[in-house]
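See structure below.
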Amino acid sequence: MQISYPDWLTPQFVYITLSAVVAVLIWIEGEMLKKTDGKLPKSKFFQISSLLDTSWFFVSVVMLYAIDLTPLAITVPAAYGIYTTFGWVYGTRLLKRKGIPDSPKDLVVPAKYIAYSQSFSLIFFALCLLVLSAPWLPISQG
């Protein structure tokens with residue numbers, strides 16, 4: 001028996017939708033960090049969410065090559081890759097200013113990094129919505 005899927009349920013649609021979910025998770029993580037003044041929350045949700053959005057970088061790199069993305073949709077994994085790479089550099093520079101702690105328990109995520117992440121999450125979420133709605137918008141699909 002073959003299961004038939006709706007025409008709109010493509011690998012691109014699934015990847016872009018999950019990317020939008022990752023954007024929401026990044027926002028929530030930022031809010032959680034603000035409540036703890038940058039200290040890593042002792043929350044299973046936070047740990048799983050952090051692991052998921054970190055691994056999403058590798059998922060995004062694979063998606064660039066594994067699925068057929070429209071030219072507009074290519075911006076989603078590209079943007080996530082740039083955000084993650086720049087975030088590693090930016091976060092490291094911010095931490096070096098205060099000194100890198102010996103233990104993760106002593107780590108305090110700088111407010112500037114939280115703002116960077118949340119700003120990206122808003123723009124990334126909007127980009128995902130644009131890509132998802134592009135088939136119904138009067139824009140060139142190239």
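Following the order of the structure tokens, first chain is A, next is B, and so on, with residues numbered from 1 inside each chain and ligands from 1 in the order they appear.
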
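Close contacts of Met63 (chain A), defined as residues with an atom at most 12 Å away when counting only C-alpha atoms, with chain neighbours fewer than 3 positions off set aside, comprise Pro11, Gln12, Phe13, Val14, Tyr15, Ile16, Ser19, Trp56, Phe57, Phe58, Val59, Ser60, Ala66, Ile67, Asp68, Leu69, Thr70, Ala73, Ile74, Thr75, Val76, Pro77, Ala78, Tyr80 and Gly81 of chain A.
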
Export, as a compact mmCIF listing (two decimals), in the first residue's frame, the selected residues with N, CA, C and O atoms.
# COMPACT_ATOMS: atom_id res chain seq x y z
N PRO A 11 9.72 17.91 0.91
CA PRO A 11 10.84 18.03 1.85
C PRO A 11 11.18 19.50 2.16
O PRO A 11 11.50 19.84 3.29
N GLN A 12 11.07 20.36 1.15
CA GLN A 12 11.33 21.79 1.38
C GLN A 12 10.33 22.35 2.39
O GLN A 12 10.72 23.06 3.32
N PHE A 13 9.05 22.04 2.23
CA PHE A 13 8.03 22.54 3.15
C PHE A 13 8.31 22.08 4.58
O PHE A 13 8.23 22.86 5.53
N VAL A 14 8.65 20.80 4.74
CA VAL A 14 8.92 20.26 6.07
C VAL A 14 10.14 20.94 6.69
O VAL A 14 10.11 21.37 7.84
N TYR A 15 11.22 21.08 5.91
CA TYR A 15 12.44 21.72 6.42
C TYR A 15 12.17 23.18 6.82
O TYR A 15 12.59 23.62 7.89
N ILE A 16 11.49 23.93 5.97
CA ILE A 16 11.23 25.34 6.26
C ILE A 16 10.30 25.48 7.47
O ILE A 16 10.50 26.36 8.32
N SER A 19 12.28 24.81 10.48
CA SER A 19 13.18 25.95 10.70
C SER A 19 12.44 27.07 11.43
O SER A 19 13.00 27.73 12.32
N TRP A 56 20.64 22.02 14.42
CA TRP A 56 19.95 22.52 13.22
C TRP A 56 20.95 23.12 12.21
O TRP A 56 20.70 23.11 11.01
N PHE A 57 22.09 23.57 12.70
CA PHE A 57 23.15 24.05 11.80
C PHE A 57 23.56 22.91 10.86
O PHE A 57 23.64 23.11 9.65
N PHE A 58 23.81 21.74 11.42
CA PHE A 58 24.26 20.60 10.61
C PHE A 58 23.14 20.09 9.72
O PHE A 58 23.38 19.73 8.56
N VAL A 59 21.92 20.10 10.23
CA VAL A 59 20.76 19.72 9.41
C VAL A 59 20.65 20.67 8.22
O VAL A 59 20.44 20.24 7.08
N SER A 60 20.84 21.96 8.47
CA SER A 60 20.72 22.97 7.41
C SER A 60 21.79 22.78 6.33
O SER A 60 21.50 22.91 5.14
N ALA A 66 20.92 17.92 0.12
CA ALA A 66 20.09 16.70 0.10
C ALA A 66 18.72 16.89 -0.54
O ALA A 66 18.17 15.92 -1.07
N ILE A 67 18.18 18.10 -0.47
CA ILE A 67 16.85 18.31 -1.05
C ILE A 67 16.91 19.41 -2.08
O ILE A 67 17.80 20.26 -2.08
N ASP A 68 15.92 19.39 -2.96
CA ASP A 68 15.83 20.37 -4.02
C ASP A 68 15.11 21.61 -3.48
O ASP A 68 13.89 21.57 -3.28
N LEU A 69 15.87 22.67 -3.24
CA LEU A 69 15.30 23.92 -2.71
C LEU A 69 15.14 24.94 -3.83
O LEU A 69 15.99 25.03 -4.72
N THR A 70 14.06 25.71 -3.76
CA THR A 70 13.91 26.81 -4.71
C THR A 70 14.97 27.86 -4.39
O THR A 70 15.52 27.88 -3.28
N ALA A 73 14.18 29.59 -1.19
CA ALA A 73 14.30 28.70 -0.03
C ALA A 73 15.74 28.45 0.37
O ALA A 73 16.02 28.18 1.54
N ILE A 74 16.67 28.57 -0.55
CA ILE A 74 18.09 28.39 -0.23
C ILE A 74 18.54 29.41 0.81
O ILE A 74 19.46 29.15 1.59
N THR A 75 17.86 30.55 0.87
CA THR A 75 18.24 31.57 1.85
C THR A 75 18.05 31.09 3.29
O THR A 75 18.74 31.59 4.19
N VAL A 76 17.17 30.14 3.52
CA VAL A 76 16.90 29.68 4.89
C VAL A 76 18.11 28.93 5.46
O VAL A 76 18.64 29.33 6.49
N PRO A 77 18.59 27.85 4.83
CA PRO A 77 19.77 27.20 5.40
C PRO A 77 21.01 28.09 5.34
O PRO A 77 21.86 28.03 6.23
N ALA A 78 21.10 28.93 4.32
CA ALA A 78 22.25 29.84 4.23
C ALA A 78 22.24 30.83 5.40
O ALA A 78 23.27 31.05 6.05
N TYR A 80 20.79 30.46 8.30
CA TYR A 80 21.04 29.76 9.57
C TYR A 80 22.53 29.45 9.73
O TYR A 80 23.08 29.56 10.82
N GLY A 81 23.16 29.07 8.64
CA GLY A 81 24.59 28.79 8.68
C GLY A 81 25.40 30.02 9.02
O GLY A 81 26.33 29.96 9.84

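Checking A:Ile114, A:Val131, A:Leu72, A:Leu64 one by one against Met32 (chain A), counting only C-alpha atoms, you find the shortest gap at A:Ile114.
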
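For the choices A:Ser117, A:Thr92, A:Thr85, A:Thr17, the atom-to-atom distance to Glu29 (chain A) is smallest for A:Ser117 when using only C-alpha atoms.
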
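Residues lying within 9 Å of Pro110 (chain A), counting only C-alpha atoms and ignoring same-chain neighbours fewer than 6 positions away, are Asp37, Gly38, Gly91, Leu94 and Leu95 of chain A.
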
Write the residues you've just listed into a file as a compact mmCIF listing (two decimals), in the first residue's frame, and include all heavy atoms for each of them.
# COMPACT_ATOMS: atom_id res chain seq x y z
N ASP A 37 19.22 36.00 34.24
CA ASP A 37 20.33 36.96 34.09
C ASP A 37 21.52 36.35 33.34
O ASP A 37 22.68 36.60 33.67
CB ASP A 37 20.79 37.50 35.44
CG ASP A 37 19.71 38.36 36.10
OD1 ASP A 37 19.03 39.12 35.38
OD2 ASP A 37 19.55 38.25 37.33
N GLY A 38 21.22 35.53 32.34
CA GLY A 38 22.26 34.96 31.49
C GLY A 38 22.81 33.63 31.96
O GLY A 38 23.57 32.99 31.24
N GLY A 91 29.99 35.15 20.12
CA GLY A 91 29.86 34.68 21.50
C GLY A 91 31.21 34.46 22.16
O GLY A 91 31.41 34.82 23.33
N LEU A 94 32.71 37.85 23.01
CA LEU A 94 32.06 38.45 24.18
C LEU A 94 32.50 37.76 25.47
O LEU A 94 32.74 38.42 26.48
CB LEU A 94 30.53 38.36 24.05
CG LEU A 94 29.87 39.29 23.03
CD1 LEU A 94 28.39 38.96 22.90
CD2 LEU A 94 30.06 40.75 23.41
N LEU A 95 32.62 36.43 25.42
CA LEU A 95 33.04 35.70 26.62
C LEU A 95 34.49 35.99 26.99
O LEU A 95 34.83 36.07 28.17
CB LEU A 95 32.84 34.20 26.42
CG LEU A 95 31.40 33.70 26.50
CD1 LEU A 95 31.34 32.21 26.17
CD2 LEU A 95 30.81 33.95 27.88

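Closest approach to Leu40 (chain A) among A:Leu107, A:Ala115, A:Cys128, A:Leu137 is made by A:Leu107 (distances from only C-alpha atoms).
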
- request: Write out as a PyMOL selection string which residues come within 9 Å of Val22 (chain A) when counting only C-alpha atoms, dropping same-chain ones fewer than 5 positions away.
  value: chain A and resi 17+27+49+52-53+56+121+125

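Remark: for Ile26 (chain A), the closest of the candidate residues A:Ile48, A:Val89, A:Ile82, A:Leu129 is A:Ile48 (distances computed over only C-alpha atoms).
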